[in-house]
Amino acid sequence: MSRFDLNHPPFDTLAPAERDALEARADIVYFPDDAQIVGPDQPMDALYMVIKGLAAELAGDETLGRYRIHDVFDARSLVAGRAANRFVAEEETLLLALPRDAVLALTDSNPRFGAYFYASVAEKMGLLAQSAGSREFQTLLSATVRDAGCRQPVFIDAAASIRDAARAMKEQRSKSVLVRDGERLGIFTTTDCRDVILEGVDSGEPVGRHSSYQLLCIDRDDFLFNALLLMTQRNLRRLVVTENGQAVGILAQVDVLSYFSNHSHLIAQRLDRAADLDELADIAGQIDRLIRILSGHGVRPPQLGRLVQALNARLFARAWRMIAPARLAESSCLLVMGSEGRGEQILKTDQDNALLLPNGEDFPEAAACCEAFSAALARFGYPPCPGGVMVCNPHWRLSLSDMRDRIHHWLTRPDGESMLQLAIFCDAESVCGNEALLADCRGYLRARLQDDAGFFSRFARTIDQFDTPLGPFSRLRTQESGGRELLDLKKGGIFPLVHGLRALALENGVDAASSAERASLLAAAGKLEAGLADDILEALAFLSQLRLERGLRRLDAGEAPDNLIEPEALSTLERDLLKDALAVAKRFKTQLRHHYRLGSF
């Protein structure tokens, strides 16, 4: 039986046999109140885990951090062989001392454990983030279509009759058949069968004439999460599964959800069937429950945000079509912006949306419909935007020509408010209606942008609106509030990373709205160093994970989510990764200041 609790990071990455071997080499050491554990530049012969008491790390008289039960120190000094700072017991303290040679041997044999000590920021965050989901079972991030299995396809020749196809589906208990027409492969489903009956088509006609040949396929070894995302985005109930380019099966939506849903509701299907706003409000609550399930099973914020974005887009579009007359819904373009537009809003924060209207058409009902839509979103759990960035505000309900005028104003009078509104618009995504209106505005923005270094500097300089809360010796800087030391994740880390990518994307004509796409495209174009791009995305994912966990805890307590976190409540590993993430933000801001010559402002 284990004497010590080695189920916490980074030891949770070890196999049972590795933990047992490490535990056999461990010692318990005692330090009285105020005793020095190790001094600066002294040999670091062990990795320490706090069993009882409180240890502090100091640089001179400045306290850099405190370590409580299950916290570990000091990995960096262990690798270097000497302590960089002084460690003392602030009260009577028991430590588990794990010998340096045993720990370093494990870093060589176990890459995930070694990542805690040696990996780059991106590798460390990426590898260690995987452990959350792997503790219980394989998640959608690692599960493949092959893991979930697929249904054996039923093939039929295109010359066969519709009656033959229906008979084959009945005999094989299948809801679809794959139709071979020479080199083409199509699909005929029970829905198609229903439609041809209603249209009075002779059941003796060739099934090939009534099949669809624009198949959406997914490879057998692709991630199951990608299948779910594709089905959600395209409103599909099945995909053709391929292997080496050949169709080998059918993957139904119910198969994907039954593998991973943990009895969650089939939200996408319910959205399509919803009859009124009352039902949509209930579905919005189900999205919240789905977030809890997927987050608890290890789905990381970037992937979770994309799925939530796809579901929210359908929720918003369904609500808008219920509220607005068909002519208005089809002619206009409903936009989401900010974190929702980027696919980076997971929990419901504030509304950020707008409505574009075509030129030369009168919609007297638009104002009332937009008021009703904003009220519906508030009912669904999306609070009104404090800055009024909502369709119910006439400032964000504009005709195409008025929107062009607004863009012209932003570019020619780039004051603080103009730059803020331009930043919001840069993240816009269409969720309903005439997408050509948004495409026109984006094209106009690109055409009007000049090679004006001063303009781009003014746009980028808000990265310095907030200080990075990371001081000398990687000390976390907090603000006292209500007797607790808190740190703002958004102001300190998320915002400068997001806006820095947004500024570079605007300057270099990158139309992508999400931070991940912007980073990838900028790196591919040579406008952002590839290693830094990876670090930025991993830092964003980690900071977003902390914010999500904090938000879920506040919701459990009946409070609204916020961006504040208490570093002292984090584990050693989480604090180390927080410091790494903020260091990435600091490094990125330094590069942006140099690139945009922000020191001259």
# chains A, B, ... in the order shown; residues from 1 in each chain; ligands from 1

$ select_by_dssp --residues "stretch 299-473 of chain A" --states "helix (DSSP H, G or I)" --output "ChimeraX atom specification"
/A:301-323,326-331,338-342,366-380,394-396,400-412,416-426,435-448,453-464,472-473

$ residues_around --residues "A:Leu315" --least-positions-apart "6" --cutoff "8 Å" --atoms "only C-alpha atoms" --output "mmCIF file with N, CA and C atoms, in the first residue's frame"
data_model
loop_
_atom_site.group_PDB
_atom_site.id
_atom_site.type_symbol
_atom_site.label_atom_id
_atom_site.label_comp_id
_atom_site.auth_asym_id
_atom_site.auth_seq_id
_atom_site.Cartn_x
_atom_site.Cartn_y
_atom_site.Cartn_z
ATOM 1 N N LEU A 271 -32.478 21.491 -31.492
ATOM 2 C CA LEU A 271 -32.537 22.847 -32.032
ATOM 3 C C LEU A 271 -33.351 22.882 -33.315
ATOM 4 N N LEU A 280 -36.223 26.748 -26.902
ATOM 5 C CA LEU A 280 -34.841 27.176 -27.122
ATOM 6 C C LEU A 280 -34.164 27.549 -25.805
ATOM 7 N N ALA A 284 -30.715 25.973 -24.446
ATOM 8 C CA ALA A 284 -29.560 26.772 -24.033
ATOM 9 C C ALA A 284 -29.012 26.274 -22.699
#

$ closest_atom_pairs --of "stretch 388-482 of chain A" --to "stretch 316-333 of chain A" --cutoff "6 Å" --atoms "only C-alpha atoms" --output "tab-separated table"
residue	atom	partner	partner_atom	distance
A:Cys432	CA	A:Ala317	CA	5.2
A:Gly433	CA	A:Cys333	CA	4.6
A:Asn434	CA	A:Cys333	CA	4.9
A:Glu435	CA	A:Cys333	CA	6.0

$ write_last_selection --atoms "all heavy atoms" --output "short mmCIF file (atom, residue, chain, number, x, y, z; two decimals), in the first residue's frame"
data_model
loop_
_atom_site.label_atom_id
_atom_site.label_comp_id
_atom_site.auth_asym_id
_atom_site.auth_seq_id
_atom_site.Cartn_x
_atom_site.Cartn_y
_atom_site.Cartn_z
N CYS A 432 -26.51 33.85 -39.55
CA CYS A 432 -27.82 33.69 -40.20
C CYS A 432 -27.98 34.75 -41.28
O CYS A 432 -27.58 35.90 -41.11
CB CYS A 432 -28.93 33.83 -39.16
SG CYS A 432 -30.60 33.54 -39.80
N GLY A 433 -28.57 34.35 -42.40
CA GLY A 433 -28.93 35.31 -43.43
C GLY A 433 -27.93 35.43 -44.56
O GLY A 433 -27.23 34.48 -44.91
N ASN A 434 -27.83 36.62 -45.11
CA ASN A 434 -27.05 36.89 -46.31
C ASN A 434 -25.58 37.15 -45.97
O ASN A 434 -25.19 38.28 -45.66
CB ASN A 434 -27.65 38.10 -47.04
CG ASN A 434 -26.97 38.38 -48.36
OD1 ASN A 434 -26.08 37.64 -48.79
ND2 ASN A 434 -27.39 39.44 -49.01
N GLU A 435 -24.75 36.12 -46.06
CA GLU A 435 -23.35 36.24 -45.70
C GLU A 435 -22.59 37.18 -46.62
O GLU A 435 -21.52 37.69 -46.27
CB GLU A 435 -22.68 34.86 -45.73
CG GLU A 435 -23.21 33.89 -44.71
CD GLU A 435 -22.49 32.55 -44.75
OE1 GLU A 435 -21.44 32.46 -45.43
OE2 GLU A 435 -22.95 31.60 -44.10
#

$ closest_residue --among "A:Pro301, A:Gly387, A:Glu340, A:Leu578" --to "A:Glu549" --atoms "only C-alpha atoms"
A:Pro301

$ residues_around --residues "A:Thr590" --least-positions-apart "4" --cutoff "12 Å" --atoms "only C-alpha atoms" --output "list of chain:residue names"
A:Arg461, A:Ile463, A:Asp464, A:Asp467, A:Thr468, A:Pro496, A:Leu497, A:Gly500, A:Ala583, A:Val584, A:Ala585, A:Lys586, A:His594, A:His595, A:Tyr596, A:Arg597, A:Leu598, A:Gly599

$ closest_residue --among "A:Leu307, A:Leu356, A:Leu411, A:Cys385" --to "A:Cys441" --atoms "only C-alpha atoms"
A:Leu356
